[in-house]
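What follows is a single structure, written as structure tokens, with notes after it.
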Amino acid sequence: MAKPKDLIAVDVHTEDVGDYNVTEPGWYAVDDGGKVVLGPFISLAECDRAIRDRLQRIIPKVPD
């Protein structure tokens, strides 16, 4: 199984839309390779929540 990539929240402004290959400004989850994975979101909290939810689906919890 491939190792999941780290995701960070990035606030993409109108002038940076082309740099991230997205169509509108907003908060995006970007992987450690610079690829946009999720978004756009209207807030950092919403983006962080989506990142957390995605990582919980990828990384199974180990039972106690």
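Residue numbers start at 1 in each chain; chains themselves are named A, B, ... in the order of the structure tokens; ligands are numbered from 1 in the order shown.
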
Problem set entry | Selection near Glu24 of chain A, 8 Å with only C-alpha atoms, sequence-local residues under 2 positions removed, as a PyMOL selection string | chain A and resi 14+17+22+26+40

Problem set entry | Distance query Trp27 of chain A at most 8 Å, only C-alpha atoms, self and fewer than 2 positions along chain excluded, as a VMD selection string | chain A and resid 9 to 12 25 29 39 to 44 47

For this session: Just the residues within 12 Å of Lys35 of chain A, please, counting only C-alpha atoms, with nothing from its chain fewer than 3 positions along; format it as number ranges by chain.
Result: A: 5-10, 19-22, 28-32, 38-39

Exercise. Just how far from atom CA of Gly34 of chain A is atom CA of Leu55 of chain A, in Å to one decimal?
Worked result: 17.1 Å

Problem set entry | For atom CA of Glu46 of chain A and atom CA of Thr23 of chain A, the interatomic separation in Å (one decimal) | 18.8 Å
